Amino acid sequence: MSNSTIRILIARCLISASLVFCATAQAELSIGRGSEAGSSGFGGSSVPEWTYTVQADESVKDIANRFLMKSIPSSRLLQHNNLMDLSQLKNGDTLRIPLSWLQQQPEPARAASVAGQVMVLSGRDGNKRPLTPGTLIRVGDELVSHSGSATVELADGSSLRLSPNSRLTFNRLTRYGKSGMVDTRLRLNDGEVETRVEPFEEDGSRFEIETPSAVAAVRGTMFSLKTDASGSDLRVTEGRVAFGPRGKTRVIPAGYSASTSMANVRDLSIRRLPPAPELKPLPARLTALPQTLGWKSNGAPRYRVNVFDAESGRWLQSSTTDGTEYDLKLLDNGRYQARLAALGNRGIAGMPAMVDFEVDLQARAAELSSPAPGEGVNDDMPEFRWQLRGQNEVARIEIAEDQSFSNVIATSEWAPDQQALPSRPLSPGQYYWRVVTEAGGNSVATSETRSLVVNGTLPPANIISINYVDEQVRVFWEKVDTASQYRLQLSEEPGFRNIIKEAELPGTTAALRLIPGRRYFVRVKALSDGPLESRWGPGRELFLE
(Lines give C-alpha, C1' and ligand atoms only; values in the text may rest on other atoms or scores of the structure.)
Protein backbone atom coordinates (compact mmCIF):
# COMPACT_ATOMS: atom_id res chain seq x y z
CA MET A 1 0.00 0.00 0.00
CA SER A 2 1.42 3.37 -1.07
CA ASN A 3 1.88 6.32 1.28
CA SER A 4 -0.67 8.36 -0.70
CA THR A 5 -3.28 5.60 -0.32
CA ILE A 6 -2.65 5.46 3.45
CA ARG A 7 -3.06 9.24 3.67
CA ILE A 8 -6.40 9.04 1.84
CA LEU A 9 -7.68 6.29 4.19
CA ILE A 10 -6.63 8.28 7.27
CA ALA A 11 -8.31 11.38 5.87
CA ARG A 12 -11.51 9.42 5.26
CA CYS A 13 -11.49 8.12 8.83
CA LEU A 14 -10.98 11.62 10.21
CA ILE A 15 -13.74 12.99 7.95
CA SER A 16 -16.18 10.27 9.03
CA ALA A 17 -15.44 10.97 12.69
CA SER A 18 -15.88 14.70 12.19
CA LEU A 19 -19.12 14.11 10.29
CA VAL A 20 -20.50 12.02 13.13
CA PHE A 21 -19.59 14.76 15.58
CA CYS A 22 -21.05 17.46 13.33
CA ALA A 23 -24.24 15.50 12.79
CA THR A 24 -24.74 15.24 16.54
CA ALA A 25 -23.95 18.87 17.16
CA GLN A 26 -26.01 20.02 14.21
CA ALA A 27 -29.05 18.02 15.32
CA GLU A 28 -29.16 20.22 18.41
CA LEU A 29 -28.43 23.31 16.36
CA SER A 30 -31.21 22.62 13.89
CA ILE A 31 -33.77 22.27 16.65
CA GLY A 32 -32.66 25.62 17.96
CA ARG A 33 -32.89 27.28 14.54
CA GLY A 34 -36.28 25.72 14.03
CA SER A 35 -37.31 27.76 17.01
CA GLU A 36 -35.12 30.67 17.93
CA ALA A 37 -31.39 30.10 17.82
CA GLY A 38 -29.39 31.04 20.81
CA SER A 39 -32.27 32.20 22.98
CA SER A 40 -35.17 29.83 22.71
CA GLY A 41 -34.09 27.27 25.24
CA PHE A 42 -34.21 24.59 22.54
CA GLY A 43 -30.45 24.73 21.94
CA GLY A 44 -28.76 26.90 19.34
CA SER A 45 -25.71 28.12 17.46
CA SER A 46 -24.63 31.30 15.74
CA VAL A 47 -24.19 29.52 12.37
CA PRO A 48 -27.46 28.21 10.92
CA GLU A 49 -26.81 25.01 8.99
CA TRP A 50 -28.70 22.02 7.66
CA THR A 51 -27.40 18.47 7.95
CA TYR A 52 -28.11 16.35 4.86
CA THR A 53 -27.83 12.56 4.76
CA VAL A 54 -26.32 11.28 1.51
CA GLN A 55 -28.36 8.73 -0.47
CA ALA A 56 -26.97 5.75 -2.38
CA ASP A 57 -25.08 6.58 -5.61
CA GLU A 58 -25.39 10.33 -4.97
CA SER A 59 -22.44 12.61 -5.73
CA VAL A 60 -21.57 15.97 -4.25
CA LYS A 61 -22.39 17.53 -7.62
CA ASP A 62 -25.85 15.93 -7.58
CA ILE A 63 -26.50 17.38 -4.13
CA ALA A 64 -25.27 20.83 -5.16
CA ASN A 65 -27.48 20.87 -8.28
CA ARG A 66 -30.50 19.80 -6.25
CA PHE A 67 -30.26 22.09 -3.25
CA LEU A 68 -27.72 24.90 -3.71
CA MET A 69 -28.08 28.26 -5.39
CA LYS A 70 -26.44 28.37 -8.80
CA SER A 71 -23.81 30.79 -7.50
CA ILE A 72 -22.52 28.16 -5.02
CA PRO A 73 -20.35 25.50 -6.75
CA SER A 74 -20.06 21.96 -5.41
CA SER A 75 -16.40 22.62 -4.60
CA ARG A 76 -17.43 25.02 -1.83
CA LEU A 77 -19.59 22.29 -0.32
CA LEU A 78 -16.60 19.95 -0.27
CA GLN A 79 -14.41 22.65 1.24
CA HIS A 80 -17.01 23.53 3.91
CA ASN A 81 -17.10 19.87 5.01
CA ASN A 82 -13.29 19.42 4.81
CA LEU A 83 -13.72 16.83 2.06
CA MET A 84 -11.27 15.97 -0.67
CA ASP A 85 -12.35 16.06 -4.31
CA LEU A 86 -14.20 12.76 -4.17
CA SER A 87 -16.80 12.16 -6.89
CA GLN A 88 -18.73 9.64 -4.79
CA LEU A 89 -19.87 9.58 -1.16
CA LYS A 90 -21.03 6.58 0.82
CA ASN A 91 -24.72 6.03 1.52
CA GLY A 92 -25.47 7.44 4.99
CA ASP A 93 -22.66 10.02 5.07
CA THR A 94 -23.71 13.51 6.20
CA LEU A 95 -23.01 16.95 4.80
CA ARG A 96 -23.31 20.28 6.59
CA ILE A 97 -24.91 22.94 4.37
CA PRO A 98 -25.24 26.60 5.43
CA LEU A 99 -28.85 27.72 5.09
CA SER A 100 -27.74 30.82 3.20
CA TRP A 101 -26.48 28.55 0.39
CA LEU A 102 -29.82 26.82 -0.19
CA GLN A 103 -32.18 27.71 -3.01
CA GLN A 104 -34.85 30.04 -1.63
CA GLN A 105 -38.32 30.43 -3.09
CA PRO A 106 -41.00 32.84 -1.85
CA GLU A 107 -44.15 30.82 -1.16
CA PRO A 108 -47.31 32.95 -0.86
CA ALA A 109 -49.96 32.09 1.70
CA ARG A 110 -53.62 31.81 0.73
CA ALA A 111 -56.83 33.04 2.35
CA ALA A 112 -58.90 29.91 2.97
CA SER A 113 -61.99 31.60 4.41
CA VAL A 114 -63.10 35.13 5.25
CA ALA A 115 -65.98 36.25 7.47
CA GLY A 116 -66.94 39.92 7.69
CA GLN A 117 -64.70 42.79 6.67
CA VAL A 118 -60.99 41.98 6.30
CA MET A 119 -58.58 44.08 4.22
CA VAL A 120 -55.17 43.24 2.76
CA LEU A 121 -52.55 45.99 2.37
CA SER A 122 -50.13 45.16 -0.42
CA GLY A 123 -46.46 45.29 0.55
CA ARG A 124 -45.52 46.05 -3.05
CA ASP A 125 -47.70 49.03 -3.98
CA GLY A 126 -49.49 49.92 -0.73
CA ASN A 127 -52.94 49.37 -2.26
CA LYS A 128 -55.74 48.25 0.04
CA ARG A 129 -58.38 45.77 -1.10
CA PRO A 130 -60.90 43.40 0.49
CA LEU A 131 -59.57 39.96 1.37
CA THR A 132 -61.57 37.20 -0.30
CA PRO A 133 -61.22 33.38 -0.20
CA GLY A 134 -58.42 32.31 -2.52
CA THR A 135 -56.51 35.61 -2.32
CA LEU A 136 -52.74 35.06 -2.36
CA ILE A 137 -50.86 36.78 0.48
CA ARG A 138 -47.24 37.64 -0.30
CA VAL A 139 -44.21 38.79 1.66
CA GLY A 140 -44.76 42.31 2.98
CA ASP A 141 -48.56 42.14 2.87
CA GLU A 142 -50.55 43.07 5.98
CA LEU A 143 -53.99 41.82 6.98
CA VAL A 144 -56.32 44.17 8.89
CA SER A 145 -59.36 42.32 10.18
CA HIS A 146 -61.58 45.19 11.47
CA SER A 147 -64.85 43.48 12.49
CA GLY A 148 -64.13 40.32 10.49
CA SER A 149 -61.92 37.25 10.74
CA ALA A 150 -59.93 35.14 8.29
CA THR A 151 -58.29 31.75 8.05
CA VAL A 152 -54.97 31.64 6.18
CA GLU A 153 -53.17 28.55 4.90
CA LEU A 154 -49.38 28.55 4.50
CA ALA A 155 -47.44 26.65 1.86
CA ASP A 156 -46.30 23.93 4.31
CA GLY A 157 -49.88 23.12 5.41
CA SER A 158 -49.81 25.23 8.58
CA SER A 159 -52.80 27.50 9.14
CA LEU A 160 -53.72 30.48 11.25
CA ARG A 161 -56.92 32.29 12.15
CA LEU A 162 -56.89 36.05 12.54
CA SER A 163 -59.43 37.33 15.07
CA PRO A 164 -61.40 40.59 14.69
CA ASN A 165 -59.62 43.91 15.26
CA SER A 166 -56.18 42.49 14.47
CA ARG A 167 -53.21 43.45 12.29
CA LEU A 168 -50.80 40.80 11.00
CA THR A 169 -47.80 41.38 8.71
CA PHE A 170 -46.16 38.60 6.65
CA ASN A 171 -42.46 39.43 6.88
CA ARG A 172 -41.06 36.21 5.44
CA LEU A 173 -42.56 33.25 3.57
CA THR A 174 -39.65 31.18 2.29
CA ARG A 175 -39.23 27.58 1.17
CA TYR A 176 -35.67 26.29 0.80
CA GLY A 177 -35.86 24.64 -2.59
CA LYS A 178 -36.39 20.87 -2.42
CA SER A 179 -34.98 20.53 1.09
CA GLY A 180 -38.43 20.56 2.76
CA MET A 181 -37.41 23.42 5.07
CA VAL A 182 -39.49 26.55 5.48
CA ASP A 183 -38.90 29.94 7.08
CA THR A 184 -42.06 31.79 8.13
CA ARG A 185 -41.87 35.03 10.11
CA LEU A 186 -44.91 37.11 10.97
CA ARG A 187 -45.53 40.20 13.06
CA LEU A 188 -48.73 40.58 15.08
CA ASN A 189 -49.02 44.32 15.58
CA ASP A 190 -52.36 44.17 17.37
CA GLY A 191 -55.13 41.68 18.16
CA GLU A 192 -55.04 37.88 18.29
CA VAL A 193 -54.03 35.00 16.06
CA GLU A 194 -54.53 31.26 16.57
CA THR A 195 -52.14 28.89 14.81
CA ARG A 196 -51.77 25.25 13.89
CA VAL A 197 -48.14 24.73 12.84
CA GLU A 198 -47.28 21.56 10.93
CA PRO A 199 -44.30 19.56 12.31
CA PHE A 200 -41.23 20.50 10.31
CA GLU A 201 -39.96 17.94 7.80
CA GLU A 202 -36.36 19.00 8.27
CA ASP A 203 -34.29 20.56 11.02
CA GLY A 204 -33.51 24.17 10.20
CA SER A 205 -37.12 25.16 9.55
CA ARG A 206 -38.49 28.17 11.37
CA PHE A 207 -41.90 29.57 12.33
CA GLU A 208 -41.90 32.78 14.32
CA ILE A 209 -44.46 35.42 15.29
CA GLU A 210 -43.21 38.68 16.74
CA THR A 211 -45.25 41.22 18.72
CA PRO A 212 -44.24 44.65 20.03
CA SER A 213 -43.30 43.08 23.38
CA ALA A 214 -42.34 39.45 22.68
CA VAL A 215 -41.53 36.76 20.14
CA ALA A 216 -43.02 33.25 19.84
CA ALA A 217 -41.00 30.62 17.97
CA VAL A 218 -42.25 27.08 17.43
CA ARG A 219 -41.71 23.76 15.68
CA GLY A 220 -44.97 21.86 15.45
CA THR A 221 -47.73 22.97 17.77
CA MET A 222 -51.07 24.68 18.33
CA PHE A 223 -51.03 28.00 20.15
CA SER A 224 -52.70 31.40 20.22
CA LEU A 225 -50.98 34.77 20.60
CA LYS A 226 -52.64 38.00 21.63
CA THR A 227 -51.14 41.49 21.89
CA ASP A 228 -52.28 45.03 22.70
CA ALA A 229 -50.86 48.21 24.20
CA SER A 230 -50.35 46.54 27.59
CA GLY A 231 -48.37 43.51 26.42
CA SER A 232 -48.60 40.04 24.87
CA ASP A 233 -50.26 36.79 25.97
CA LEU A 234 -49.46 33.26 24.77
CA ARG A 235 -51.54 30.09 25.14
CA VAL A 236 -50.08 26.69 24.22
CA THR A 237 -52.39 23.68 23.77
CA GLU A 238 -50.06 21.32 21.86
CA GLY A 239 -46.27 21.08 21.61
CA ARG A 240 -44.10 23.84 23.05
CA VAL A 241 -43.24 27.44 22.21
CA ALA A 242 -40.20 29.58 22.91
CA PHE A 243 -41.72 32.86 24.14
CA GLY A 244 -40.64 36.13 25.66
CA PRO A 245 -38.59 39.22 24.83
CA ARG A 246 -36.11 38.46 22.05
CA GLY A 247 -32.96 37.03 23.57
CA LYS A 248 -34.79 36.22 26.85
CA THR A 249 -37.29 33.57 25.75
CA ARG A 250 -38.34 30.55 27.79
CA VAL A 251 -39.89 27.29 26.68
CA ILE A 252 -43.64 27.23 27.38
CA PRO A 253 -45.09 23.69 27.20
CA ALA A 254 -48.65 22.64 26.39
CA GLY A 255 -51.11 23.43 29.15
CA TYR A 256 -49.53 26.77 30.09
CA SER A 257 -49.88 30.43 29.22
CA ALA A 258 -47.31 33.20 29.44
CA SER A 259 -47.52 37.00 29.43
CA THR A 260 -45.16 39.91 28.89
CA SER A 261 -45.77 43.54 29.84
CA MET A 262 -44.97 46.63 27.84
CA ALA A 263 -44.23 48.37 31.14
CA ASN A 264 -41.47 45.89 31.90
CA VAL A 265 -40.63 43.86 28.81
CA ARG A 266 -38.18 41.64 30.71
CA ASP A 267 -40.87 40.27 33.04
CA LEU A 268 -42.37 36.94 31.97
CA SER A 269 -45.38 35.57 33.84
CA ILE A 270 -46.13 31.86 33.35
CA ARG A 271 -49.39 30.23 34.49
CA ARG A 272 -51.11 26.90 34.10
CA LEU A 273 -54.11 27.08 31.78
CA PRO A 274 -57.59 26.44 33.19
CA PRO A 275 -58.75 22.84 32.62
CA ALA A 276 -60.99 21.97 29.69
CA PRO A 277 -64.75 22.37 30.30
CA GLU A 278 -66.86 19.22 30.57
CA LEU A 279 -68.84 18.65 27.37
CA LYS A 280 -72.29 17.14 27.38
CA PRO A 281 -72.77 14.06 25.16
CA LEU A 282 -73.06 14.81 21.44
CA PRO A 283 -74.22 12.19 18.89
CA ALA A 284 -71.32 10.95 16.81
CA ARG A 285 -73.50 11.19 13.69
CA LEU A 286 -75.75 14.21 13.14
CA THR A 287 -78.64 13.65 10.73
CA ALA A 288 -80.26 17.05 11.30
CA LEU A 289 -79.00 20.58 11.88
CA PRO A 290 -78.89 22.74 13.90
CA GLN A 291 -77.63 20.53 16.74
CA THR A 292 -76.84 21.95 20.17
CA LEU A 293 -73.35 21.50 21.62
CA GLY A 294 -73.65 21.89 25.39
CA TRP A 295 -71.28 21.91 28.37
CA LYS A 296 -71.25 22.37 32.12
CA SER A 297 -70.37 25.80 33.48
CA ASN A 298 -67.00 26.01 35.25
CA GLY A 299 -67.40 29.62 36.35
CA ALA A 300 -65.70 31.19 33.33
CA PRO A 301 -67.14 34.53 32.14
CA ARG A 302 -67.11 33.42 28.49
CA TYR A 303 -66.34 30.44 26.28
CA ARG A 304 -64.95 30.05 22.77
CA VAL A 305 -66.04 27.36 20.31
CA ASN A 306 -63.97 26.52 17.23
CA VAL A 307 -65.11 24.06 14.57
CA PHE A 308 -62.52 22.40 12.30
CA ASP A 309 -62.71 20.18 9.25
CA ALA A 310 -61.38 16.83 10.48
CA GLU A 311 -59.67 15.97 7.20
CA SER A 312 -57.77 19.19 6.48
CA GLY A 313 -57.73 20.80 9.94
CA ARG A 314 -59.14 24.01 8.43
CA TRP A 315 -60.98 26.43 10.70
CA LEU A 316 -64.63 26.67 9.68
CA GLN A 317 -66.39 28.44 12.55
CA SER A 318 -65.36 30.41 15.61
CA SER A 319 -67.64 32.03 18.16
CA THR A 320 -67.62 33.30 21.73
CA THR A 321 -70.57 33.08 24.12
CA ASP A 322 -71.33 33.76 27.78
CA GLY A 323 -73.74 30.83 27.85
CA THR A 324 -73.21 27.06 27.92
CA GLU A 325 -74.62 26.14 24.50
CA TYR A 326 -73.63 26.56 20.86
CA ASP A 327 -75.68 25.62 17.80
CA LEU A 328 -73.80 23.58 15.20
CA LYS A 329 -75.24 24.64 11.84
CA LEU A 330 -74.39 25.55 8.25
CA LEU A 331 -72.15 22.49 7.87
CA ASP A 332 -71.98 20.25 4.81
CA ASN A 333 -71.79 16.49 5.09
CA GLY A 334 -68.40 15.43 6.41
CA ARG A 335 -66.32 14.85 9.54
CA TYR A 336 -65.60 17.67 11.99
CA GLN A 337 -64.02 18.44 15.35
CA ALA A 338 -65.38 21.03 17.79
CA ARG A 339 -63.04 22.55 20.39
CA LEU A 340 -64.38 24.36 23.45
CA ALA A 341 -62.30 26.45 25.86
CA ALA A 342 -63.06 28.78 28.75
CA LEU A 343 -61.93 32.40 28.36
CA GLY A 344 -60.27 34.17 31.29
CA ASN A 345 -60.61 37.81 32.22
CA ARG A 346 -57.76 38.74 29.82
CA GLY A 347 -59.46 36.86 26.99
CA ILE A 348 -56.94 33.99 27.04
CA ALA A 349 -58.54 30.60 26.46
CA GLY A 350 -57.83 27.58 28.63
CA MET A 351 -57.22 23.99 27.56
CA PRO A 352 -59.72 22.83 24.94
CA ALA A 353 -62.30 20.08 25.28
CA MET A 354 -62.63 18.30 21.93
CA VAL A 355 -65.39 16.24 20.34
CA ASP A 356 -65.45 14.59 16.92
CA PHE A 357 -68.68 14.26 14.99
CA GLU A 358 -69.99 13.52 11.52
CA VAL A 359 -72.69 15.41 9.65
CA ASP A 360 -74.81 13.12 7.47
CA LEU A 361 -77.83 15.02 6.17
CA GLN A 362 -80.18 13.32 3.71
CA ALA A 363 -82.31 15.41 1.36
CA ARG A 364 -86.02 14.55 1.09
CA ALA A 365 -88.21 15.04 -1.97
CA ALA A 366 -90.27 18.24 -1.78
CA GLU A 367 -94.07 18.15 -1.88
CA LEU A 368 -95.37 20.24 -4.77
CA SER A 369 -98.13 22.79 -4.09
CA SER A 370 -98.86 24.92 -7.17
CA PRO A 371 -99.47 25.16 -10.07
CA ALA A 372 -101.69 22.05 -10.03
CA PRO A 373 -100.97 19.19 -12.49
CA GLY A 374 -101.80 20.30 -16.06
CA GLU A 375 -102.91 23.76 -14.91
CA GLY A 376 -102.90 26.58 -17.44
CA VAL A 377 -101.49 29.96 -16.44
CA ASN A 378 -101.81 33.34 -18.11
CA ASP A 379 -98.42 34.59 -16.94
CA ASP A 380 -95.06 34.04 -18.65
CA MET A 381 -93.38 34.22 -15.21
CA PRO A 382 -95.63 32.00 -13.06
CA GLU A 383 -94.86 31.48 -9.38
CA PHE A 384 -94.06 27.91 -8.27
CA ARG A 385 -94.70 26.73 -4.70
CA TRP A 386 -93.73 23.62 -2.73
CA GLN A 387 -93.20 22.31 0.80
CA LEU A 388 -89.77 21.23 2.06
CA ARG A 389 -89.93 18.01 4.05
CA GLY A 390 -86.36 17.80 5.36
CA GLN A 391 -84.12 20.03 7.50
CA ASN A 392 -81.27 22.32 6.52
CA GLU A 393 -82.25 22.00 2.85
CA VAL A 394 -82.01 24.27 -0.16
CA ALA A 395 -84.13 23.83 -3.29
CA ARG A 396 -84.70 25.08 -6.82
CA ILE A 397 -87.22 24.51 -9.61
CA GLU A 398 -86.30 22.91 -12.94
CA ILE A 399 -88.45 23.48 -16.04
CA ALA A 400 -88.14 21.46 -19.26
CA GLU A 401 -90.00 20.96 -22.51
CA ASP A 402 -89.85 17.17 -22.21
CA GLN A 403 -90.81 14.86 -19.36
CA SER A 404 -87.31 13.33 -19.19
CA PHE A 405 -85.74 16.76 -18.49
CA SER A 406 -83.07 16.19 -21.12
CA ASN A 407 -83.15 19.92 -21.87
CA VAL A 408 -83.77 22.12 -18.83
CA ILE A 409 -84.75 25.55 -20.19
CA ALA A 410 -85.26 27.46 -16.92
CA THR A 411 -84.40 27.12 -13.23
CA SER A 412 -84.35 29.24 -10.09
CA GLU A 413 -81.57 30.04 -7.61
CA TRP A 414 -80.70 27.53 -4.88
CA ALA A 415 -82.34 28.84 -1.72
CA PRO A 416 -84.03 27.60 1.47
CA ASP A 417 -87.28 29.17 0.19
CA GLN A 418 -90.46 27.29 -0.71
CA GLN A 419 -91.49 29.41 -3.70
CA ALA A 420 -89.67 30.82 -6.72
CA LEU A 421 -90.05 32.39 -10.16
CA PRO A 422 -88.38 30.87 -13.25
CA SER A 423 -85.08 32.36 -14.36
CA ARG A 424 -86.60 33.62 -17.64
CA PRO A 425 -90.05 34.22 -19.20
CA LEU A 426 -91.81 31.19 -20.70
CA SER A 427 -93.31 31.30 -24.18
CA PRO A 428 -96.83 29.89 -24.69
CA GLY A 429 -96.80 26.08 -24.71
CA GLN A 430 -96.60 22.99 -22.52
CA TYR A 431 -93.83 22.43 -19.97
CA TYR A 432 -92.81 20.05 -17.19
CA TRP A 433 -91.53 21.16 -13.81
CA ARG A 434 -90.08 19.64 -10.65
CA VAL A 435 -88.23 20.69 -7.51
CA VAL A 436 -84.73 19.44 -6.61
CA THR A 437 -83.66 19.62 -2.96
CA GLU A 438 -80.13 19.38 -1.57
CA ALA A 439 -78.85 18.79 1.96
CA GLY A 440 -75.33 18.60 3.32
CA GLY A 441 -73.76 19.67 0.02
CA ASN A 442 -73.97 16.24 -1.61
CA SER A 443 -77.36 14.63 -0.86
CA VAL A 444 -79.97 15.34 -3.55
CA ALA A 445 -83.66 14.39 -3.90
CA THR A 446 -86.11 15.10 -6.72
CA SER A 447 -89.86 15.66 -6.43
CA GLU A 448 -92.60 14.30 -8.66
CA THR A 449 -92.96 15.86 -12.12
CA ARG A 450 -95.94 18.03 -13.06
CA SER A 451 -97.07 19.40 -16.42
CA LEU A 452 -97.84 23.07 -16.96
CA VAL A 453 -99.47 25.01 -19.83
CA VAL A 454 -98.53 28.64 -20.39
CA ASN A 455 -101.45 30.25 -22.24
CA GLY A 456 -99.59 33.42 -23.05
CA THR A 457 -99.28 36.93 -21.73
CA LEU A 458 -99.38 40.58 -22.70
CA PRO A 459 -96.41 42.94 -22.39
CA PRO A 460 -96.40 44.92 -19.13
CA ALA A 461 -97.94 48.40 -19.17
CA ASN A 462 -95.26 50.88 -18.08
CA ILE A 463 -96.14 54.35 -16.74
CA ILE A 464 -94.37 56.96 -18.87
CA SER A 465 -95.34 60.29 -17.23
CA ILE A 466 -97.22 61.93 -14.35
CA ASN A 467 -98.69 65.46 -14.43
CA TYR A 468 -99.83 67.44 -11.37
CA VAL A 469 -102.58 70.09 -11.83
CA ASP A 470 -104.06 71.65 -8.68
CA GLU A 471 -105.37 68.73 -6.57
CA GLN A 472 -105.52 66.37 -9.54
CA VAL A 473 -102.87 63.96 -10.77
CA ARG A 474 -102.96 62.61 -14.32
CA VAL A 475 -101.11 59.32 -15.04
CA PHE A 476 -100.07 58.24 -18.58
CA TRP A 477 -98.84 54.75 -19.60
CA GLU A 478 -97.69 52.90 -22.72
CA LYS A 479 -100.23 51.46 -25.13
CA VAL A 480 -100.19 47.67 -25.49
CA ASP A 481 -101.36 46.77 -29.00
CA THR A 482 -103.25 43.59 -28.09
CA ALA A 483 -104.82 45.00 -24.90
CA SER A 484 -108.55 45.78 -24.76
CA GLN A 485 -108.37 47.66 -21.44
CA TYR A 486 -106.14 48.30 -18.44
CA ARG A 487 -106.39 47.77 -14.67
CA LEU A 488 -105.06 50.49 -12.36
CA GLN A 489 -104.33 50.10 -8.67
CA LEU A 490 -103.64 52.81 -6.07
CA SER A 491 -102.03 52.11 -2.69
CA GLU A 492 -100.46 54.01 0.18
CA GLU A 493 -97.46 51.66 0.40
CA PRO A 494 -95.06 50.42 -2.32
CA GLY A 495 -95.85 46.72 -1.78
CA PHE A 496 -99.50 47.22 -2.86
CA ARG A 497 -100.69 45.00 -0.02
CA ASN A 498 -103.46 47.47 0.88
CA ILE A 499 -105.27 48.67 -2.25
CA ILE A 500 -107.32 51.84 -1.70
CA LYS A 501 -108.55 52.17 -5.31
CA GLU A 502 -108.77 49.79 -8.29
CA ALA A 503 -110.35 50.51 -11.69
CA GLU A 504 -110.49 49.09 -15.21
CA LEU A 505 -109.96 51.74 -17.91
CA PRO A 506 -110.25 51.62 -21.72
CA GLY A 507 -107.53 54.17 -22.47
CA THR A 508 -103.92 54.88 -21.50
CA THR A 509 -104.52 57.71 -19.03
CA ALA A 510 -106.31 58.25 -15.74
CA ALA A 511 -107.07 61.29 -13.56
CA LEU A 512 -106.80 60.84 -9.79
CA ARG A 513 -107.83 63.17 -6.95
CA LEU A 514 -105.42 62.82 -4.02
CA ILE A 515 -105.15 64.29 -0.54
CA PRO A 516 -102.30 66.83 -0.45
CA GLY A 517 -99.31 66.00 1.76
CA ARG A 518 -99.75 62.21 1.53
CA ARG A 519 -97.74 59.72 -0.50
CA TYR A 520 -99.37 57.22 -2.86
CA PHE A 521 -98.21 54.50 -5.25
CA VAL A 522 -99.80 53.56 -8.59
CA ARG A 523 -99.35 50.68 -11.06
CA VAL A 524 -101.04 49.42 -14.25
CA LYS A 525 -101.46 46.08 -16.08
CA ALA A 526 -102.85 45.32 -19.55
CA LEU A 527 -105.96 43.12 -20.07
CA SER A 528 -107.36 41.31 -23.13
CA ASP A 529 -110.78 40.09 -24.19
CA GLY A 530 -109.65 36.52 -23.46
CA PRO A 531 -107.72 35.03 -20.53
CA LEU A 532 -104.47 36.82 -21.33
CA GLU A 533 -103.20 39.63 -19.15
CA SER A 534 -99.84 41.28 -18.50
CA ARG A 535 -97.75 41.42 -15.38
CA TRP A 536 -98.06 44.55 -13.29
CA GLY A 537 -95.82 47.30 -14.54
CA PRO A 538 -93.39 48.97 -12.11
CA GLY A 539 -95.06 51.04 -9.39
CA ARG A 540 -94.60 54.82 -9.35
CA GLU A 541 -94.77 57.16 -6.36
CA LEU A 542 -97.28 60.03 -6.29
CA PHE A 543 -97.10 63.06 -3.98
CA LEU A 544 -99.30 66.14 -4.11
CA GLU A 545 -97.96 69.10 -2.09
# chains A, B, ... in the order shown; residues from 1 in each chain; ligands from 1

call {"tool": "residues_around", "arguments": {"residues": "Ala353 in chain A", "least_positions_apart": "5", "cutoff": "9 Å", "atoms": "only C-alpha atoms", "output": "PyMOL selection string"}}
result
chain A and resi 275-279+338-341

call {"tool": "write_last_selection", "arguments": {"atoms": "N, CA and C atoms", "output": "mmCIF file, in the first residue's frame"}}
result
data_model
loop_
_atom_site.group_PDB
_atom_site.id
_atom_site.type_symbol
_atom_site.label_atom_id
_atom_site.label_comp_id
_atom_site.auth_asym_id
_atom_site.auth_seq_id
_atom_site.Cartn_x
_atom_site.Cartn_y
_atom_site.Cartn_z
ATOM 1 N N PRO A 275 -58.442 24.130 33.234
ATOM 2 C CA PRO A 275 -58.752 22.844 32.615
ATOM 3 C C PRO A 275 -59.865 22.971 31.582
ATOM 4 N N ALA A 276 -59.967 21.968 30.731
ATOM 5 C CA ALA A 276 -60.992 21.969 29.692
ATOM 6 C C ALA A 276 -62.378 21.827 30.309
ATOM 7 N N PRO A 277 -63.385 22.544 29.802
ATOM 8 C CA PRO A 277 -64.754 22.368 30.299
ATOM 9 C C PRO A 277 -65.252 20.953 30.009
ATOM 10 N N GLU A 278 -66.279 20.541 30.754
ATOM 11 C CA GLU A 278 -66.861 19.215 30.568
ATOM 12 C C GLU A 278 -68.010 19.300 29.560
ATOM 13 N N LEU A 279 -67.826 18.638 28.422
ATOM 14 C CA LEU A 279 -68.835 18.650 27.371
ATOM 15 C C LEU A 279 -69.961 17.675 27.680
ATOM 16 N N ALA A 338 -65.068 19.796 17.065
ATOM 17 C CA ALA A 338 -65.381 21.028 17.792
ATOM 18 C C ALA A 338 -64.457 21.121 19.000
ATOM 19 N N ARG A 339 -63.936 22.308 19.259
ATOM 20 C CA ARG A 339 -63.042 22.548 20.394
ATOM 21 C C ARG A 339 -63.616 23.685 21.236
ATOM 22 N N LEU A 340 -63.793 23.406 22.510
ATOM 23 C CA LEU A 340 -64.376 24.360 23.446
ATOM 24 C C LEU A 340 -63.348 24.713 24.509
ATOM 25 N N ALA A 341 -63.222 26.005 24.816
ATOM 26 C CA ALA A 341 -62.295 26.449 25.858
ATOM 27 C C ALA A 341 -62.913 27.607 26.618
#

call {"tool": "select_by_dssp", "arguments": {"residues": "range 301-384 of chain A", "states": "strand (DSSP E or B)", "output": "MDAnalysis selection string"}}
result
chainID A and resid 302:309 315:321 325:328 334:343 349 353:359 367:370 375:377 384

call {"tool": "residues_around", "arguments": {"residues": "range 491-507 of chain A", "least_positions_apart": "5", "cutoff": "8 Å", "atoms": "only C-alpha atoms", "output": "list in words"}}
result
Ser484, Gln485, Tyr486, Arg519, Tyr520, Phe521, Val522, Gly539 and Glu541 of chain A

call {"tool": "residues_around", "arguments": {"residues": "Thr324 in chain A", "least_positions_apart": "6", "cutoff": "10 Å", "atoms": "only C-alpha atoms", "output": "PyMOL selection string"}}
result
chain A and resi 277+279-280+292-298+302-303

call {"tool": "residues_around", "arguments": {"residues": "Ile97 in chain A", "least_positions_apart": "3", "cutoff": "9 Å", "atoms": "only C-alpha atoms", "output": "list of chain:residue names"}}
result
A:Pro48, A:Glu49, A:Trp50, A:Thr51, A:Tyr52, A:Leu68, A:Leu77, A:His80, A:Asn81, A:Ser100, A:Trp101, A:Leu102

call {"tool": "closest_residue", "arguments": {"among": "A:Arg396, A:Arg346, A:Arg450, A:Arg246", "to": "Leu234 in chain A", "atoms": "only C-alpha atoms"}}
result
A:Arg346

call {"tool": "residues_around", "arguments": {"residues": "Asn127 in chain A", "least_positions_apart": "6", "cutoff": "10 Å", "atoms": "only C-alpha atoms", "output": "list in words"}}
result
Val120, Leu121 and Asp141 of chain A

call {"tool": "residues_around", "arguments": {"residues": "Ala415 in chain A", "least_positions_apart": "2", "cutoff": "9 Å", "atoms": "only C-alpha atoms", "output": "number ranges by chain"}}
result
A: 393-396, 412-413, 417-418

call {"tool": "atom_distance", "arguments": {"atom1": "CA of Pro371 in chain A", "atom2": "CA of Glu383 in chain A"}}
result
7.8 Å

call {"tool": "closest_residue", "arguments": {"among": "A:Leu162, A:Val144, A:Ile409, A:Val118", "to": "Ser224 in chain A", "atoms": "only C-alpha atoms"}}
result
A:Leu162

call {"tool": "closest_residue", "arguments": {"among": "A:Ser406, A:Ser465, A:Thr260, A:Ser451", "to": "Ala372 in chain A", "atoms": "only C-alpha atoms"}}
result
A:Ser451

call {"tool": "closest_residue", "arguments": {"among": "A:Pro301, A:Pro283, A:Gly157, A:Gly347", "to": "Asp360 in chain A", "atoms": "only C-alpha atoms"}}
result
A:Pro283

call {"tool": "closest_residue", "arguments": {"among": "A:Gly537, A:Gly376, A:Gly334, A:Pro382", "to": "Ala439 in chain A", "atoms": "only C-alpha atoms"}}
result
A:Gly334

call {"tool": "closest_residue", "arguments": {"among": "A:Pro516, A:Pro352, A:Pro212, A:Gly255", "to": "Asp228 in chain A", "atoms": "only C-alpha atoms"}}
result
A:Pro212
